[in-house]
$ cat coords_33.txt   # compact mmCIF, C-alpha atoms
# COMPACT_ATOMS: atom_id res chain seq x y z
CA MET A 130 -18.54 11.98 -22.23
CA GLN A 131 -18.31 15.70 -21.49
CA ILE A 132 -17.00 16.73 -18.07
CA LEU A 133 -17.88 20.03 -16.39
CA ASP A 134 -16.08 21.42 -13.32
CA ILE A 135 -18.35 23.79 -11.38
CA ALA A 136 -17.06 25.84 -8.44
CA TYR A 137 -19.56 26.09 -5.58
CA ALA A 138 -19.56 26.18 -1.76
CA GLY A 139 -15.79 26.26 -1.55
CA GLN A 140 -15.15 23.22 -3.71
CA THR A 141 -15.22 22.09 -7.32
CA TRP A 142 -17.99 19.75 -8.43
CA ARG A 143 -17.04 17.51 -11.33
CA ILE A 144 -20.10 16.63 -13.39
CA HIS A 145 -20.09 13.86 -15.99
CA CYS A 146 -22.51 14.70 -18.82
CA ARG A 147 -23.96 11.87 -20.83
CA PRO A 148 -26.78 11.54 -23.39
CA ALA A 149 -30.21 10.80 -21.97
CA GLN A 150 -31.99 7.59 -22.78
CA ARG A 151 -34.18 7.59 -25.86
CA ARG A 152 -37.36 9.70 -25.54
CA ASN A 153 -36.14 11.38 -22.35
CA ARG A 154 -36.57 15.09 -23.02
CA TYR A 155 -35.43 16.40 -19.65
CA LEU A 156 -32.16 17.22 -17.90
CA ARG A 157 -31.49 15.12 -14.81
CA LEU A 158 -28.79 15.20 -12.12
CA THR A 159 -27.89 12.12 -10.09
CA VAL A 160 -25.23 11.35 -7.51
CA ALA A 161 -23.93 7.77 -7.54
CA ILE A 162 -23.10 5.86 -4.37
CA ASP A 163 -19.40 6.37 -5.09
CA GLY A 164 -19.95 10.14 -5.12
CA LYS A 165 -19.69 10.67 -8.88
CA ILE A 166 -22.12 13.21 -10.30
CA TYR A 167 -23.89 12.55 -13.59
CA LEU A 168 -25.99 14.82 -15.77
CA SER A 169 -28.33 13.12 -18.21
CA GLN A 170 -29.07 15.47 -21.11
CA PRO A 171 -31.32 15.25 -24.18
CA LEU A 172 -29.77 15.30 -27.62
CA ASN A 173 -29.08 18.77 -29.01
CA CYS A 174 -29.43 20.36 -25.57
CA ARG A 175 -27.91 23.87 -25.47
CA GLN A 176 -24.90 24.48 -23.25
CA ALA A 177 -26.57 27.54 -21.78
CA ASP A 178 -29.54 25.41 -20.68
CA ILE A 179 -27.20 22.82 -19.16
CA HIS A 180 -25.32 25.44 -17.11
CA THR A 181 -28.56 27.09 -15.97
CA PHE A 182 -29.98 23.72 -14.88
CA ILE A 183 -26.85 22.80 -12.95
CA HIS A 184 -26.63 26.15 -11.16
CA THR A 185 -30.28 26.01 -10.10
CA HIS A 186 -29.65 22.58 -8.54
CA LEU A 187 -26.34 23.20 -6.78
CA ASP A 188 -27.97 23.43 -3.33
CA TRP A 189 -29.60 20.04 -3.90
CA LEU A 190 -26.31 18.64 -5.18
CA ALA A 191 -24.43 19.75 -2.06
CA ALA A 192 -27.13 18.35 0.23
CA ARG A 193 -27.14 15.03 -1.61
CA ALA A 194 -23.36 14.76 -1.38
CA ARG A 195 -23.49 15.46 2.37
CA SER A 196 -26.17 12.79 2.78
CA LEU A 197 -23.99 10.20 1.05
CA GLU A 198 -21.03 11.15 3.25
CA THR A 199 -23.20 10.67 6.35
CA GLN A 200 -24.39 7.28 5.13
CA ALA A 201 -20.80 6.21 4.50
CA THR A 202 -19.88 6.85 8.15
CA GLN A 203 -22.89 5.01 9.58
CA PRO A 204 -22.51 1.43 10.88
CA SER A 205 -23.64 -1.44 8.68
CA PRO A 206 -27.43 -1.91 8.69
CA TYR A 207 -26.74 -5.66 8.88
CA ALA A 208 -24.78 -5.61 12.14
CA ALA A 209 -25.87 -7.99 14.89
CA GLY A 210 -28.59 -6.40 16.99
CA SER A 211 -29.87 -4.12 14.21
CA LYS A 212 -33.61 -3.41 14.31
CA TYR A 213 -35.90 -4.57 11.51
CA TRP A 214 -39.63 -4.40 11.02
CA LEU A 215 -42.17 -7.04 10.07
CA LEU A 216 -45.83 -5.95 9.85
CA GLY A 217 -45.01 -3.02 12.11
CA GLU A 218 -43.34 -5.12 14.78
CA ALA A 219 -39.71 -4.37 15.70
CA LEU A 220 -37.43 -7.41 15.49
CA ARG A 221 -33.74 -7.83 16.31
CA LEU A 222 -31.21 -9.23 13.84
CA VAL A 223 -29.27 -12.22 15.14
CA LEU A 224 -26.29 -13.59 13.18
CA THR A 225 -25.49 -17.30 13.41
CA ASP A 226 -23.20 -19.78 11.69
CA GLY A 227 -24.04 -20.85 8.16
CA ALA A 228 -24.58 -19.33 4.72
CA PRO A 229 -26.32 -15.92 4.66
CA ARG A 230 -28.88 -16.90 2.04
CA THR A 231 -32.06 -17.17 4.08
CA ILE A 232 -33.71 -15.27 6.89
CA ARG A 233 -36.12 -16.79 9.38
CA ARG A 234 -38.07 -15.44 12.31
CA ASP A 235 -37.74 -16.83 15.82
CA GLY A 236 -39.79 -14.98 18.40
CA ASP A 237 -38.74 -11.35 18.36
CA CYS A 238 -35.64 -12.06 16.26
CA LEU A 239 -34.74 -12.37 12.60
CA ILE A 240 -31.99 -14.96 12.22
CA THR A 241 -29.44 -15.25 9.42
CA ALA A 242 -25.72 -15.84 8.96
CA PRO A 243 -23.13 -13.06 8.66
CA GLY A 244 -22.06 -11.97 5.20
CA ASP A 245 -21.13 -8.94 3.15
CA GLU A 246 -23.73 -6.19 2.69
CA LYS A 247 -24.55 -7.17 -0.90
CA THR A 248 -25.28 -10.77 0.08
CA LEU A 249 -27.40 -9.79 3.07
CA ALA A 250 -29.28 -7.16 1.06
CA THR A 251 -30.17 -9.88 -1.44
CA ALA A 252 -31.28 -12.17 1.39
CA PHE A 253 -33.56 -9.46 2.78
CA ARG A 254 -35.07 -8.82 -0.65
CA ARG A 255 -35.90 -12.52 -0.90
CA PHE A 256 -37.33 -12.46 2.61
CA HIS A 257 -39.55 -9.47 1.84
CA LEU A 258 -40.75 -11.13 -1.37
CA ALA A 259 -41.57 -14.43 0.33
CA GLU A 260 -43.40 -12.73 3.20
CA SER A 261 -45.33 -10.49 0.79
CA ALA A 262 -46.44 -13.43 -1.35
CA ALA A 263 -47.55 -15.29 1.78
CA ARG A 264 -49.41 -12.46 3.52
CA PHE A 265 -50.62 -9.87 1.02
CA PRO A 266 -53.28 -11.97 -0.80
CA ALA A 267 -55.33 -12.35 2.39
CA LEU A 268 -55.06 -8.61 3.08
CA VAL A 269 -56.16 -7.81 -0.48
CA ALA A 270 -59.13 -10.19 -0.20
CA GLN A 271 -60.12 -8.59 3.11
CA GLU A 272 -60.12 -5.07 1.68
CA ALA A 273 -61.68 -6.11 -1.66
CA ALA A 274 -64.68 -7.48 0.24
CA ARG A 275 -65.48 -3.88 1.20
CA CYS A 276 -65.23 -2.62 -2.41
CA PRO A 277 -68.48 -3.43 -4.24
CA TRP A 278 -66.96 -2.73 -7.68
CA VAL A 279 -64.40 -5.53 -7.20
CA LYS A 280 -66.20 -8.62 -8.47
CA THR A 281 -63.12 -10.87 -8.69
CA LEU A 282 -59.79 -10.50 -6.97
CA PRO A 283 -57.22 -8.78 -9.20
CA PRO A 284 -53.99 -10.52 -10.19
CA LEU A 285 -51.15 -9.55 -7.87
CA ARG A 286 -47.42 -9.28 -8.18
CA TYR A 287 -44.77 -8.13 -5.74
CA ARG A 288 -41.51 -6.27 -6.30
CA ALA A 289 -39.18 -3.89 -4.50
CA MET A 290 -39.78 -0.30 -5.62
CA GLN A 291 -37.89 2.80 -4.56
CA ARG A 292 -40.55 5.46 -4.97
CA ARG A 293 -43.96 3.78 -5.06
CA TRP A 294 -45.89 1.72 -2.54
CA GLY A 295 -48.04 0.17 -5.23
CA CYS A 296 -49.42 0.57 -8.73
CA CYS A 297 -52.40 -0.62 -10.76
CA ARG A 298 -52.10 -1.27 -14.48
CA SER A 299 -54.91 -0.53 -16.91
CA ASP A 300 -55.45 -4.29 -17.33
CA GLY A 301 -56.15 -4.66 -13.58
CA MET A 302 -52.80 -6.07 -12.47
CA ILE A 303 -51.86 -4.68 -9.04
CA THR A 304 -48.22 -4.51 -7.94
CA LEU A 305 -47.36 -4.07 -4.27
CA ASN A 306 -43.99 -2.96 -2.93
CA THR A 307 -42.39 -5.84 -1.05
CA ARG A 308 -40.94 -3.36 1.45
CA LEU A 309 -44.50 -2.76 2.64
CA ILE A 310 -44.20 -6.05 4.55
CA GLN A 311 -42.36 -3.97 7.15
CA TYR A 312 -45.36 -1.69 7.78
CA PRO A 313 -48.30 -2.13 10.18
CA PRO A 314 -51.29 -3.91 8.55
CA ALA A 315 -53.48 -0.79 8.78
CA LEU A 316 -50.99 1.12 6.62
CA ILE A 317 -50.65 -1.74 4.14
CA ALA A 318 -54.45 -1.70 3.92
CA TYR A 319 -54.32 1.97 2.91
CA VAL A 320 -52.09 1.13 -0.06
CA ILE A 321 -54.27 -1.82 -1.03
CA VAL A 322 -57.47 0.24 -0.96
CA HIS A 323 -55.75 2.97 -2.97
CA GLU A 324 -54.90 0.47 -5.71
CA LEU A 325 -58.32 -1.21 -5.58
CA CYS A 326 -59.92 2.19 -6.13
CA HIS A 327 -57.81 2.53 -9.27
CA LEU A 328 -59.65 -0.48 -10.67
CA GLN A 329 -62.73 1.78 -10.79
CA GLU A 330 -61.09 5.19 -11.28
CA HIS A 331 -57.73 4.87 -13.02
CA ASN A 332 -56.64 8.41 -12.13
CA HIS A 333 -56.44 10.76 -9.15
CA SER A 334 -59.59 12.69 -9.95
CA PRO A 335 -62.16 13.93 -7.42
CA ALA A 336 -64.14 10.77 -8.21
CA PHE A 337 -61.17 8.65 -7.16
CA TYR A 338 -60.82 10.39 -3.80
CA ALA A 339 -64.57 10.23 -3.24
CA LEU A 340 -64.31 6.47 -3.70
CA MET A 341 -61.43 6.33 -1.22
CA GLN A 342 -63.49 8.32 1.26
CA THR A 343 -66.38 5.90 0.93
CA VAL A 344 -64.35 2.76 1.55
CA GLN A 345 -61.71 4.13 3.93
CA PRO A 346 -62.87 7.39 5.57
CA ASP A 347 -59.59 7.76 7.50
CA TRP A 348 -57.37 7.30 4.43
CA GLN A 349 -55.70 10.69 4.87
CA ALA A 350 -54.59 9.86 8.41
CA ARG A 351 -53.30 6.48 7.22
CA GLU A 352 -51.40 8.10 4.37
CA ALA A 353 -49.76 10.53 6.81
CA ALA A 354 -48.89 7.66 9.16
CA LEU A 355 -47.41 5.70 6.25
CA ARG A 356 -45.09 8.56 5.37
CA CYS A 357 -44.19 9.09 9.02
CA PHE A 358 -43.34 5.41 9.52
CA SER A 359 -41.14 5.46 6.43
CA ARG A 360 -39.41 8.67 7.48
CA GLU A 361 -38.76 7.61 11.09
CA ASN A 362 -37.78 4.01 10.43
CA GLY A 363 -36.23 4.15 6.98
CA ALA A 364 -38.44 1.28 5.91
CA LEU A 365 -38.38 2.26 2.24
CA LEU A 366 -34.70 3.13 2.04

$ encode --input "coords_33.txt" --output "structure tokens"
Amino acid sequence: MQILDIAYAGQTWRIHCRPAQRRNRYLRLTVAIDGKIYLSQPLNCRQADIHTFIHTHLDWLAARARSLETQATQPSPYAAGSKYWLLGEALRLVLTDGAPRTIRRDGDCLITAPGDEKTLATAFRRFHLAESAARFPALVAQEAARCPWVKTLPPLRYRAMQRRWGCCRSDGMITLNTRLIQYPPALIAYVIVHELCHLQEHNHSPAFYALMQTVQPDWQAREAALRCFSRENGALL
């Protein structure tokens, strides 16, 4: 693995260069949680192109490193009393005796046992998945009833995704982000309608947005609210 040391902003940035995965034709910089910087590069990439790419992204690199430093100094998101969201409602985390494998709701609290961050993160992923599987089908059926092109309910699956709220495959399978279970129902409905419209228009053409406008005339306001909720509450982080 090639290592490059780049001087910038009063410090030296050590970048670990490694071959990109097969078929990846683009240069890509990433900063790992431990602070290590990696550059993924296509085969036969010229050194001049690598250096140009790195220097055009040094501002981003410095900002990303600062962000990771800030996160490292923040308290654990799984501390007692932390705030969590379920269908747009703020709940308080309560830690009790036992094994931190399950999470249950009791009034305005989410209850689990203390554990390390990896264990609790896994428990929350399971909780989001279970709640999504229990609640999303009814929401999909409700919105599909307003979409005349949907003759039968599409198959659904649920998974945690970092950058997408949902997706619709060409065969009609719709995937919903399990983290959406944290959002208010009206914002979840926006994502569902978006994916249902893809059953008719599998693109983002003017025809697709015309379909969105027909079924959900306030979709733009909901989309903005979805991004705002995520930004203010870190629901997709």

$ residues_around --input "coords_33.txt" --residues "Gln170 (chain A)" --least-positions-apart "6" --cutoff "6 Å" --atoms "all atoms listed in the file" --output "PyMOL selection string"
chain A and resi 148-149+156

$ atom_distance --input "coords_33.txt" --atom1 "CA of Leu168 (chain A)" --atom2 "CA of Ile132 (chain A)"
9.5 Å

$ atom_distance --input "coords_33.txt" --atom1 "CA of Ile303 (chain A)" --atom2 "CA of Leu285 (chain A)"
5.1 Å

$ closest_residue --input "coords_33.txt" --among "A:Pro284, A:Leu239, A:Leu340, A:Leu328" --to "Val223 (chain A)" --atoms "all atoms listed in the file"
A:Leu239

$ axis_aligned_box --input "coords_33.txt" --around "region 224-243 of chain A" --padding-each-side "8 Å" --output "JSON"
{"center_x": -31.5, "center_y": -16.1, "center_z": 10.2, "size_x": 32.7, "size_y": 25.5, "size_z": 32.4}

$ closest_residue --input "coords_33.txt" --among "A:Leu316, A:Leu325, A:Cys146, A:Leu190" --to "Thr304 (chain A)" --atoms "only C-alpha atoms"
A:Leu325

$ atom_distance --input "coords_33.txt" --atom1 "CA of Thr159 (chain A)" --atom2 "CA of His184 (chain A)"
14.1 Å

$ residues_around --input "coords_33.txt" --residues "region 354-364 of chain A" --least-positions-apart "6" --cutoff "10 Å" --atoms "only C-alpha atoms" --output "list in words"
Lys212, Tyr213, Trp214, Gly217, Trp294, Arg308, Leu309, Ile310, Gln311, Tyr312, Pro313, Ala315, Leu316, Ile317, Tyr319, Val320 and Trp348 of chain A

$ write_last_selection --input "coords_33.txt" --atoms "C-alpha atoms" --output "PDB file, in the frame of the given file"
ATOM      1  CA  LYS A 212     -33.610  -3.410  14.310  1.00  0.00           C
ATOM      2  CA  TYR A 213     -35.900  -4.570  11.510  1.00  0.00           C
ATOM      3  CA  TRP A 214     -39.630  -4.400  11.020  1.00  0.00           C
ATOM      4  CA  GLY A 217     -45.010  -3.020  12.110  1.00  0.00           C
ATOM      5  CA  TRP A 294     -45.890   1.720  -2.540  1.00  0.00           C
ATOM      6  CA  ARG A 308     -40.940  -3.360   1.450  1.00  0.00           C
ATOM      7  CA  LEU A 309     -44.500  -2.760   2.640  1.00  0.00           C
ATOM      8  CA  ILE A 310     -44.200  -6.050   4.550  1.00  0.00           C
ATOM      9  CA  GLN A 311     -42.360  -3.970   7.150  1.00  0.00           C
ATOM     10  CA  TYR A 312     -45.360  -1.690   7.780  1.00  0.00           C
ATOM     11  CA  PRO A 313     -48.300  -2.130  10.180  1.00  0.00           C
ATOM     12  CA  ALA A 315     -53.480  -0.790   8.780  1.00  0.00           C
ATOM     13  CA  LEU A 316     -50.990   1.120   6.620  1.00  0.00           C
ATOM     14  CA  ILE A 317     -50.650  -1.740   4.140  1.00  0.00           C
ATOM     15  CA  TYR A 319     -54.320   1.970   2.910  1.00  0.00           C
ATOM     16  CA  VAL A 320     -52.090   1.130  -0.060  1.00  0.00           C
ATOM     17  CA  TRP A 348     -57.370   7.300   4.430  1.00  0.00           C
TER      18      TRP A 348
END

$ closest_residue --input "coords_33.txt" --among "A:Arg288, A:Ile240, A:Glu246, A:Val322" --to "Leu268 (chain A)" --atoms "only C-alpha atoms"
A:Val322

$ closest_residue --input "coords_33.txt" --among "A:Cys296, A:Leu305, A:Ala273, A:Leu224" --to "His257 (chain A)" --atoms "only C-alpha atoms"
A:Leu305

$ closest_residue --input "coords_33.txt" --among "A:Ala353, A:Leu258, A:Ile166, A:Val160" --to "Met290 (chain A)" --atoms "only C-alpha atoms"
A:Leu258

$ residues_around --input "coords_33.txt" --residues "region 329-339 of chain A" --least-positions-apart "2" --cutoff "8 Å" --atoms "only C-alpha atoms" --output "number ranges by chain"
A: 278, 297, 299, 325-327, 341-343

$ residues_around --input "coords_33.txt" --residues "Lys247 (chain A)" --least-positions-apart "4" --cutoff "12 Å" --atoms "all atoms listed in the file" --output "MDAnalysis selection string"
chainID A and resid 205:207 229:230 243 251:254

$ write_last_selection --input "coords_33.txt" --atoms "C-alpha atoms" --output "short mmCIF file (atom, residue, chain, number, x, y, z; two decimals), keeping the file's coordinate frame"
data_model
loop_
_atom_site.label_atom_id
_atom_site.label_comp_id
_atom_site.auth_asym_id
_atom_site.auth_seq_id
_atom_site.Cartn_x
_atom_site.Cartn_y
_atom_site.Cartn_z
CA SER A 205 -23.64 -1.44 8.68
CA PRO A 206 -27.43 -1.91 8.69
CA TYR A 207 -26.74 -5.66 8.88
CA PRO A 229 -26.32 -15.92 4.66
CA ARG A 230 -28.88 -16.90 2.04
CA PRO A 243 -23.13 -13.06 8.66
CA THR A 251 -30.17 -9.88 -1.44
CA ALA A 252 -31.28 -12.17 1.39
CA PHE A 253 -33.56 -9.46 2.78
CA ARG A 254 -35.07 -8.82 -0.65
#

$ closest_residue --input "coords_33.txt" --among "A:Arg298, A:Arg293, A:Arg221, A:Lys165" --to "Leu197 (chain A)" --atoms "only C-alpha atoms"
A:Lys165
